[in-house]
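See below for final-v5.cif, which holds mmCIF, C-alpha atoms and all ligand atoms.
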data_query
#
loop_
_atom_site.group_PDB
_atom_site.id
_atom_site.type_symbol
_atom_site.label_atom_id
_atom_site.label_comp_id
_atom_site.auth_asym_id
_atom_site.auth_seq_id
_atom_site.Cartn_x
_atom_site.Cartn_y
_atom_site.Cartn_z
ATOM 1 C CA MET A 12 -4.561 7.597 -14.285
ATOM 2 C CA ARG A 13 -6.383 6.846 -11.016
ATOM 3 C CA LEU A 14 -5.306 3.604 -9.471
ATOM 4 C CA ILE A 15 -5.595 1.545 -6.343
ATOM 5 C CA LEU A 16 -2.709 -0.774 -5.540
ATOM 6 C CA PHE A 17 -4.105 -3.661 -3.548
ATOM 7 C CA GLY A 18 -2.592 -6.752 -1.958
ATOM 8 C CA PRO A 19 -1.489 -8.373 1.288
ATOM 9 C CA PRO A 20 1.234 -6.904 3.488
ATOM 10 C CA GLY A 21 4.559 -7.771 1.872
ATOM 11 C CA ALA A 22 3.073 -8.115 -1.622
ATOM 12 C CA GLY A 23 5.456 -5.413 -2.849
ATOM 13 C CA LYS A 24 2.982 -2.521 -3.011
ATOM 14 C CA GLY A 25 5.579 0.026 -1.860
ATOM 15 C CA THR A 26 8.227 -1.266 -4.276
ATOM 16 C CA GLN A 27 5.801 -1.362 -7.196
ATOM 17 C CA ALA A 28 4.389 2.063 -6.304
ATOM 18 C CA ALA A 29 7.922 3.504 -6.562
ATOM 19 C CA ARG A 30 8.379 1.905 -9.993
ATOM 20 C CA LEU A 31 4.988 3.107 -11.212
ATOM 21 C CA LEU A 32 5.857 6.644 -10.107
ATOM 22 C CA GLU A 33 9.144 6.520 -12.028
ATOM 23 C CA ARG A 34 7.220 5.699 -15.192
ATOM 24 C CA HIS A 35 4.242 7.968 -14.465
ATOM 25 C CA PRO A 36 5.694 10.939 -12.582
ATOM 26 C CA SER A 37 2.473 12.958 -12.694
ATOM 27 C CA LEU A 38 0.751 10.534 -10.306
ATOM 28 C CA ALA A 39 0.412 11.541 -6.655
ATOM 29 C CA HIS A 40 1.366 8.704 -4.298
ATOM 30 C CA LEU A 41 -1.086 8.281 -1.421
ATOM 31 C CA SER A 42 0.190 5.618 0.942
ATOM 32 C CA THR A 43 -1.904 5.582 4.109
ATOM 33 C CA GLY A 44 0.832 3.541 5.855
ATOM 34 C CA ASP A 45 3.398 6.283 5.056
ATOM 35 C CA MET A 46 0.975 9.041 6.091
ATOM 36 C CA LEU A 47 0.225 7.300 9.384
ATOM 37 C CA ARG A 48 3.911 6.590 10.099
ATOM 38 C CA ALA A 49 4.671 10.287 9.470
ATOM 39 C CA ALA A 50 1.870 11.261 11.890
ATOM 40 C CA VAL A 51 3.280 8.879 14.516
ATOM 41 C CA SER A 52 6.823 10.186 14.205
ATOM 42 C CA GLU A 53 5.626 13.808 14.293
ATOM 43 C CA GLY A 54 3.565 12.996 17.395
ATOM 44 C CA THR A 55 0.368 14.570 16.000
ATOM 45 C CA PRO A 56 -2.966 13.786 17.735
ATOM 46 C CA LEU A 57 -3.781 11.372 14.876
ATOM 47 C CA GLY A 58 -0.357 9.728 15.224
ATOM 48 C CA LYS A 59 -0.861 9.276 18.975
ATOM 49 C CA GLN A 60 -4.177 7.524 18.349
ATOM 50 C CA ALA A 61 -2.856 5.366 15.503
ATOM 51 C CA ASP A 62 0.404 4.203 17.095
ATOM 52 C CA ALA A 63 -0.853 1.310 19.245
ATOM 53 C CA PHE A 64 -3.043 -0.113 16.468
ATOM 54 C CA MET A 65 -0.120 -0.085 14.051
ATOM 55 C CA LYS A 66 2.375 -1.674 16.444
ATOM 56 C CA ALA A 67 -0.067 -4.519 17.094
ATOM 57 C CA GLY A 68 -0.664 -5.072 13.378
ATOM 58 C CA ASP A 69 -4.293 -3.965 13.724
ATOM 59 C CA LEU A 70 -6.075 -1.661 11.333
ATOM 60 C CA VAL A 71 -6.360 1.971 12.387
ATOM 61 C CA PRO A 72 -10.091 2.829 12.771
ATOM 62 C CA ASP A 73 -11.865 3.933 9.575
ATOM 63 C CA SER A 74 -12.905 7.203 11.232
ATOM 64 C CA LEU A 75 -9.232 8.252 11.445
ATOM 65 C CA VAL A 76 -8.043 7.025 8.043
ATOM 66 C CA VAL A 77 -10.901 8.107 5.776
ATOM 67 C CA GLY A 78 -10.601 11.814 6.648
ATOM 68 C CA LEU A 79 -6.873 11.697 5.987
ATOM 69 C CA VAL A 80 -7.358 10.333 2.467
ATOM 70 C CA VAL A 81 -10.366 12.439 1.502
ATOM 71 C CA GLU A 82 -8.503 15.594 2.543
ATOM 72 C CA ARG A 83 -5.381 14.512 0.661
ATOM 73 C CA LEU A 84 -7.349 13.778 -2.529
ATOM 74 C CA GLN A 85 -8.401 17.426 -2.645
ATOM 75 C CA LYS A 86 -4.794 18.647 -2.920
ATOM 76 C CA PRO A 87 -3.814 20.002 -6.356
ATOM 77 C CA ASP A 88 -1.206 17.297 -7.017
ATOM 78 C CA CYS A 89 -3.989 14.693 -7.203
ATOM 79 C CA ALA A 90 -5.640 16.475 -10.132
ATOM 80 C CA ASP A 91 -3.412 14.708 -12.690
ATOM 81 C CA GLY A 92 -4.007 11.276 -11.235
ATOM 82 C CA PHE A 93 -3.149 9.322 -8.106
ATOM 83 C CA LEU A 94 -1.969 5.994 -6.857
ATOM 84 C CA LEU A 95 -3.683 4.823 -3.681
ATOM 85 C CA ASP A 96 -1.458 2.378 -1.825
ATOM 86 C CA GLY A 97 -2.835 0.572 1.229
ATOM 87 C CA PHE A 98 -6.275 2.204 0.992
ATOM 88 C CA PRO A 99 -9.105 1.198 1.043
ATOM 89 C CA ARG A 100 -8.562 -1.650 3.470
ATOM 90 C CA THR A 101 -12.150 -2.152 4.633
ATOM 91 C CA ARG A 102 -15.504 -2.173 2.927
ATOM 92 C CA ALA A 103 -16.478 1.023 4.811
ATOM 93 C CA GLN A 104 -13.339 2.754 3.482
ATOM 94 C CA ALA A 105 -14.182 1.674 -0.079
ATOM 95 C CA GLU A 106 -17.692 3.063 0.266
ATOM 96 C CA ALA A 107 -16.429 6.343 1.749
ATOM 97 C CA LEU A 108 -13.913 6.671 -1.092
ATOM 98 C CA ASP A 109 -16.638 5.996 -3.636
ATOM 99 C CA THR A 110 -18.815 8.741 -2.176
ATOM 100 C CA ALA A 111 -15.914 11.224 -2.140
ATOM 101 C CA LEU A 112 -14.909 10.434 -5.741
ATOM 102 C CA ASP A 113 -18.523 10.544 -6.948
ATOM 103 C CA GLY A 114 -18.942 13.926 -5.291
ATOM 104 C CA ALA A 115 -15.868 15.202 -7.130
ATOM 105 C CA GLY A 116 -16.929 13.635 -10.448
ATOM 106 C CA ILE A 117 -13.830 11.424 -10.535
ATOM 107 C CA GLU A 118 -13.706 7.809 -11.719
ATOM 108 C CA LEU A 119 -11.176 5.155 -10.798
ATOM 109 C CA ASP A 120 -9.401 3.462 -13.721
ATOM 110 C CA LYS A 121 -8.163 0.221 -12.175
ATOM 111 C CA VAL A 122 -7.642 -1.702 -8.976
ATOM 112 C CA VAL A 123 -4.387 -3.642 -9.366
ATOM 113 C CA VAL A 124 -4.242 -6.630 -7.027
ATOM 114 C CA ILE A 125 -0.728 -7.983 -6.413
ATOM 115 C CA GLU A 126 -1.194 -11.625 -5.455
ATOM 116 C CA VAL A 127 1.331 -13.395 -3.222
ATOM 117 C CA PRO A 128 0.605 -16.585 -1.253
ATOM 118 C CA ASP A 129 0.633 -16.359 2.559
ATOM 119 C CA SER A 130 3.465 -18.882 2.714
ATOM 120 C CA LEU A 131 5.881 -16.307 1.222
ATOM 121 C CA ILE A 132 4.744 -13.266 3.186
ATOM 122 C CA VAL A 133 6.396 -13.809 6.572
ATOM 123 C CA GLU A 134 9.865 -14.351 5.086
ATOM 124 C CA ARG A 135 9.426 -11.340 2.811
ATOM 125 C CA ILE A 136 8.331 -9.022 5.606
ATOM 126 C CA THR A 137 10.658 -10.044 8.409
ATOM 127 C CA GLY A 138 13.663 -9.594 6.072
ATOM 128 C CA ARG A 139 12.495 -6.186 4.880
ATOM 129 C CA ARG A 140 14.628 -3.110 5.641
ATOM 130 C CA MET A 141 14.417 0.533 4.581
ATOM 131 C CA ASP A 142 17.039 3.179 3.996
ATOM 132 C CA PRO A 143 15.693 6.104 6.067
ATOM 133 C CA GLU A 144 17.608 8.596 3.907
ATOM 134 C CA THR A 145 16.265 7.581 0.499
ATOM 135 C CA GLY A 146 13.186 5.484 1.314
ATOM 136 C CA ALA A 147 14.651 2.603 -0.740
ATOM 137 C CA ILE A 148 13.360 -0.811 0.316
ATOM 138 C CA TYR A 149 15.694 -3.827 0.610
ATOM 139 C CA HIS A 150 15.484 -7.449 1.714
ATOM 140 C CA MET A 151 18.324 -8.978 3.720
ATOM 141 C CA LYS A 152 18.198 -12.170 1.618
ATOM 142 C CA PHE A 153 16.571 -11.325 -1.724
ATOM 143 C CA SER A 154 17.845 -7.794 -2.304
ATOM 144 C CA PRO A 155 20.512 -6.901 0.298
ATOM 145 C CA PRO A 156 21.409 -3.247 0.852
ATOM 146 C CA PRO A 157 24.722 -2.110 -0.639
ATOM 147 C CA ALA A 158 27.633 -1.833 1.824
ATOM 148 C CA ALA A 159 27.411 1.972 1.850
ATOM 149 C CA VAL A 160 23.911 1.932 3.354
ATOM 150 C CA ALA A 161 23.922 -1.434 5.186
ATOM 151 C CA ASP A 162 24.681 0.196 8.555
ATOM 152 C CA ARG A 163 21.835 2.661 8.423
ATOM 153 C CA VAL A 164 18.917 0.519 7.194
ATOM 154 C CA THR A 165 16.032 0.206 9.651
ATOM 155 C CA GLN A 166 13.228 -2.277 10.252
ATOM 156 C CA ARG A 167 9.597 -1.210 10.643
ATOM 157 C CA LYS A 168 8.175 -1.705 14.149
ATOM 158 C CA ASP A 169 5.336 -3.783 12.726
ATOM 159 C CA ASP A 170 7.570 -6.077 10.650
ATOM 160 C CA THR A 171 7.878 -8.664 13.444
ATOM 161 C CA VAL A 172 6.521 -12.218 13.075
ATOM 162 C CA GLU A 173 3.708 -11.500 15.579
ATOM 163 C CA ALA A 174 2.574 -8.283 13.888
ATOM 164 C CA VAL A 175 2.842 -9.800 10.408
ATOM 165 C CA THR A 176 0.628 -12.698 11.446
ATOM 166 C CA ALA A 177 -1.961 -10.236 12.773
ATOM 167 C CA ARG A 178 -1.734 -8.084 9.623
ATOM 168 C CA LEU A 179 -2.220 -11.093 7.351
ATOM 169 C CA SER A 180 -5.208 -12.230 9.322
ATOM 170 C CA LYS A 181 -6.749 -8.713 9.086
ATOM 171 C CA TYR A 182 -6.039 -8.700 5.371
ATOM 172 C CA HIS A 183 -8.101 -11.844 4.890
ATOM 173 C CA SER A 184 -10.929 -10.913 7.249
ATOM 174 C CA GLU A 185 -11.288 -7.155 6.592
ATOM 175 C CA THR A 186 -9.523 -6.250 3.358
ATOM 176 C CA THR A 187 -10.219 -8.984 0.798
ATOM 177 C CA PRO A 188 -14.003 -8.372 1.210
ATOM 178 C CA VAL A 189 -13.325 -5.027 -0.524
ATOM 179 C CA LEU A 190 -12.587 -6.782 -3.822
ATOM 180 C CA PRO A 191 -16.143 -7.843 -4.756
ATOM 181 C CA PHE A 192 -17.084 -4.144 -4.486
ATOM 182 C CA TYR A 193 -14.595 -3.289 -7.265
ATOM 183 C CA ASP A 194 -15.131 -6.545 -9.177
ATOM 184 C CA ALA A 195 -18.762 -5.501 -9.584
ATOM 185 C CA LYS A 196 -17.535 -2.303 -11.245
ATOM 186 C CA GLY A 197 -15.214 -4.283 -13.564
ATOM 187 C CA LEU A 198 -12.120 -2.487 -12.253
ATOM 188 C CA VAL A 199 -10.039 -5.345 -10.840
ATOM 189 C CA VAL A 200 -6.919 -6.719 -12.538
ATOM 190 C CA ARG A 201 -4.957 -9.455 -10.781
ATOM 191 C CA VAL A 202 -1.183 -9.680 -11.162
ATOM 192 C CA ASP A 203 1.131 -12.451 -10.001
ATOM 193 C CA GLY A 204 3.383 -10.859 -7.357
ATOM 194 C CA VAL A 205 5.823 -13.776 -7.064
ATOM 195 C CA GLY A 206 9.257 -13.270 -8.598
ATOM 196 C CA ALA A 207 11.702 -10.449 -9.157
ATOM 197 C CA PRO A 208 10.341 -6.896 -8.696
ATOM 198 C CA GLU A 209 11.279 -6.102 -12.341
ATOM 199 C CA ASP A 210 9.115 -8.985 -13.576
ATOM 200 C CA VAL A 211 6.180 -7.974 -11.394
ATOM 201 C CA ALA A 212 6.554 -4.383 -12.656
ATOM 202 C CA LEU A 213 6.315 -5.622 -16.270
ATOM 203 C CA ARG A 214 3.166 -7.589 -15.447
ATOM 204 C CA ILE A 215 1.618 -4.480 -13.884
ATOM 205 C CA GLU A 216 2.576 -2.323 -16.856
ATOM 206 C CA SER A 217 0.962 -4.771 -19.266
ATOM 207 C CA ALA A 218 -2.166 -4.963 -17.086
ATOM 208 C CA LEU A 219 -2.370 -1.164 -17.347
ATOM 209 C CA GLU A 220 -1.931 -0.973 -21.105
ATOM 210 C CA GLY A 221 -4.463 1.390 -22.605
ATOM 211 C CA VAL A 222 -5.312 3.012 -19.254
ATOM 212 C CA GLY A 223 -4.975 6.789 -18.845
HETATM 213 P P1 LIG B 301 1.238 -0.412 5.349
HETATM 214 O O1 LIG B 301 2.428 0.482 5.308
HETATM 215 O O2 LIG B 301 0.288 -0.174 4.216
HETATM 216 O O3 LIG B 301 1.598 -1.862 5.521
HETATM 217 O O4 LIG B 301 0.420 -0.007 6.664
HETATM 218 C C1 LIG B 301 1.005 -0.134 7.967
HETATM 219 C C2 LIG B 301 -0.061 -0.078 9.038
HETATM 220 O O5 LIG B 301 -0.731 1.185 8.983
HETATM 221 C C3 LIG B 301 -1.171 -1.111 8.908
HETATM 222 O O6 LIG B 301 -0.822 -2.368 9.475
HETATM 223 C C4 LIG B 301 -2.292 -0.422 9.703
HETATM 224 O O7 LIG B 301 -2.066 -0.485 11.094
HETATM 225 C C5 LIG B 301 -2.122 1.033 9.285
HETATM 226 N N1 LIG B 301 -2.878 1.346 8.053
HETATM 227 C C6 LIG B 301 -2.372 1.697 6.829
HETATM 228 N N2 LIG B 301 -3.345 1.918 5.940
HETATM 229 C C7 LIG B 301 -4.514 1.703 6.606
HETATM 230 C C8 LIG B 301 -5.881 1.738 6.229
HETATM 231 N N3 LIG B 301 -6.256 2.048 4.986
HETATM 232 N N4 LIG B 301 -6.804 1.437 7.189
HETATM 233 C C9 LIG B 301 -6.458 1.129 8.438
HETATM 234 N N5 LIG B 301 -5.180 1.051 8.866
HETATM 235 C C10 LIG B 301 -4.208 1.342 7.962
#

Represent the structure of the file as structure tokens.
Ligand code: AMP
Amino acid sequence: MRLILFGPPGAGKGTQAARLLERHPSLAHLSTGDMLRAAVSEGTPLGKQADAFMKAGDLVPDSLVVGLVVERLQKPDCADGFLLDGFPRTRAQAEALDTALDGAGIELDKVVVIEVPDSLIVERITGRRMDPETGAIYHMKFSPPPAAVADRVTQRKDDTVEAVTARLSKYHSETTPVLPFYDAKGLVVRVDGVGAPEDVALRIESALEGVG
């Protein structure tokens, strides 16, 4: 199965990616946000260039992100399928991905769009916390961390109100224009992302019935 998980910041892409990987363990998970955060914390040249864009809630330039993904797609673990999470985020990225996949003779199966209205995003994101030891994602109000991990959960640097507002605005101006590109190929399925993560996961699973 070759999938793109698409949606605004705070739509639940990370949470749903984790659930999809539990059910489809052969998929490689390619989250450009995770890759870029790893590069920042390792202090690589790419991380040093990406850091300021990410903190401000801006998109990292295509020239930096595309190479990262194209290189990653060539790794053996992608041969049995992959889940792209947070990429492509611009029309140029979608076109570069298309060229790379065409060159490798690979076809995408679906682009799953998780839809959540803007009015819910800020509360979702500013309450979000992560357990750095397990990667588990919590929400201080909707899904609080258990007492044993409550003291160690951390907040992403770009999960502030200011950065979220910038990220949402970029999503509408730069990222949603990617959808017509995949609509034209008949690949887009839209899933309601409002509600409990279990319910959203069921909607995604039924949207993927018969794929792969
Ligand atoms: P995410 O974890 O997907 O919310 O991504 C966090 C941040 O990483 C974004 O706000 C961007 O600054 C950067 N980023 C992640 N993926 C991309 C991408 N495909 N293109 C440009 N910037 C990205």

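Considering all atoms listed in the file, the residues that reside within 6 Å of ligand LIG 301 (chain B) can be listed as A:Pro20, A:Thr43, A:Gly44, A:Asp45, A:Phe64, A:Met65, A:Gly68, A:Asp69, A:Leu70, A:Val71, A:Pro72, A:Val76, A:Gly97, A:Phe98, A:Pro99, A:Arg100, A:Arg178.
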
Exercise. Evaluating the PyMOL selection byres (((chain A and resi 129) around 12) and not hetatm) on the displayed file yields which residues, as a list in words?
Worked result: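 Listing what the PyMOL selection byres (((chain A and resi 129) around 12) and not hetatm) selects in the shown file: Gly18, Pro19, Pro20, Gly21, Ala22, Glu126, Val127, Pro128, Ser130, Leu131, Ile132, Val133, Glu134, Arg135, Ile136, Val175, Thr176, Arg178, Leu179, Ser180, Tyr182, His183, Gly204 and Val205 of chain A.
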
For this session: Would you write out, as a PyMOL selection string, every residue that the PyMOL selection byres (((chain A and resi 114-123) around 7) and not hetatm) captures in this file?
Result: chain A and resi 12-17+110-113+124-125+198-201+222

Exercise. Taking all atoms listed in the file into account, which of A:Leu75, A:Ile148, A:Ala107, A:Ile215 comes nearest Gln60 of chain A?
Worked result: A:Leu75

Problem set entry | Atomic distance atom CA of Ala218 of chain A - atom CA of Leu108 of chain A, expressed in Å with one decimal |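 Between these atoms lies a distance of 23.0 Å.
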
For this session: Run the PyMOL selection byres (((chain A and resi 101) around 8) and not hetatm) mentally over the shown coordinates, then write out the matched residues as a PyMOL selection string, using the chain letters and numbers from the document.
Result: chain A and resi 73+99-100+102-105+185-186+188-189

Can you tell me, as lines of an AutoDock Vina configuration file, the centre and edge lengths (Å, one decimal) of the axis-aligned box enclosing all of segment 117-124 of chain A's listed atoms after padding each side by 5 Å?
center_x = -9.0
center_y = 2.4
center_z = -10.4
size_x = 19.6
size_y = 28.1
size_z = 16.7

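Using all atoms listed in the file, the shortest contact distance between Thr171 of chain A and any of A:Lys196, A:Lys152, A:Arg30, A:Lys66 is found at A:Lys66.
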
Problem set entry | Polymer residues at most 12 Å from Lys86 of chain A, all atoms listed in the file, same-chain spacing of 6 or more positions, as a ChimeraX atom specification | /A:39-41,79-80,92-93
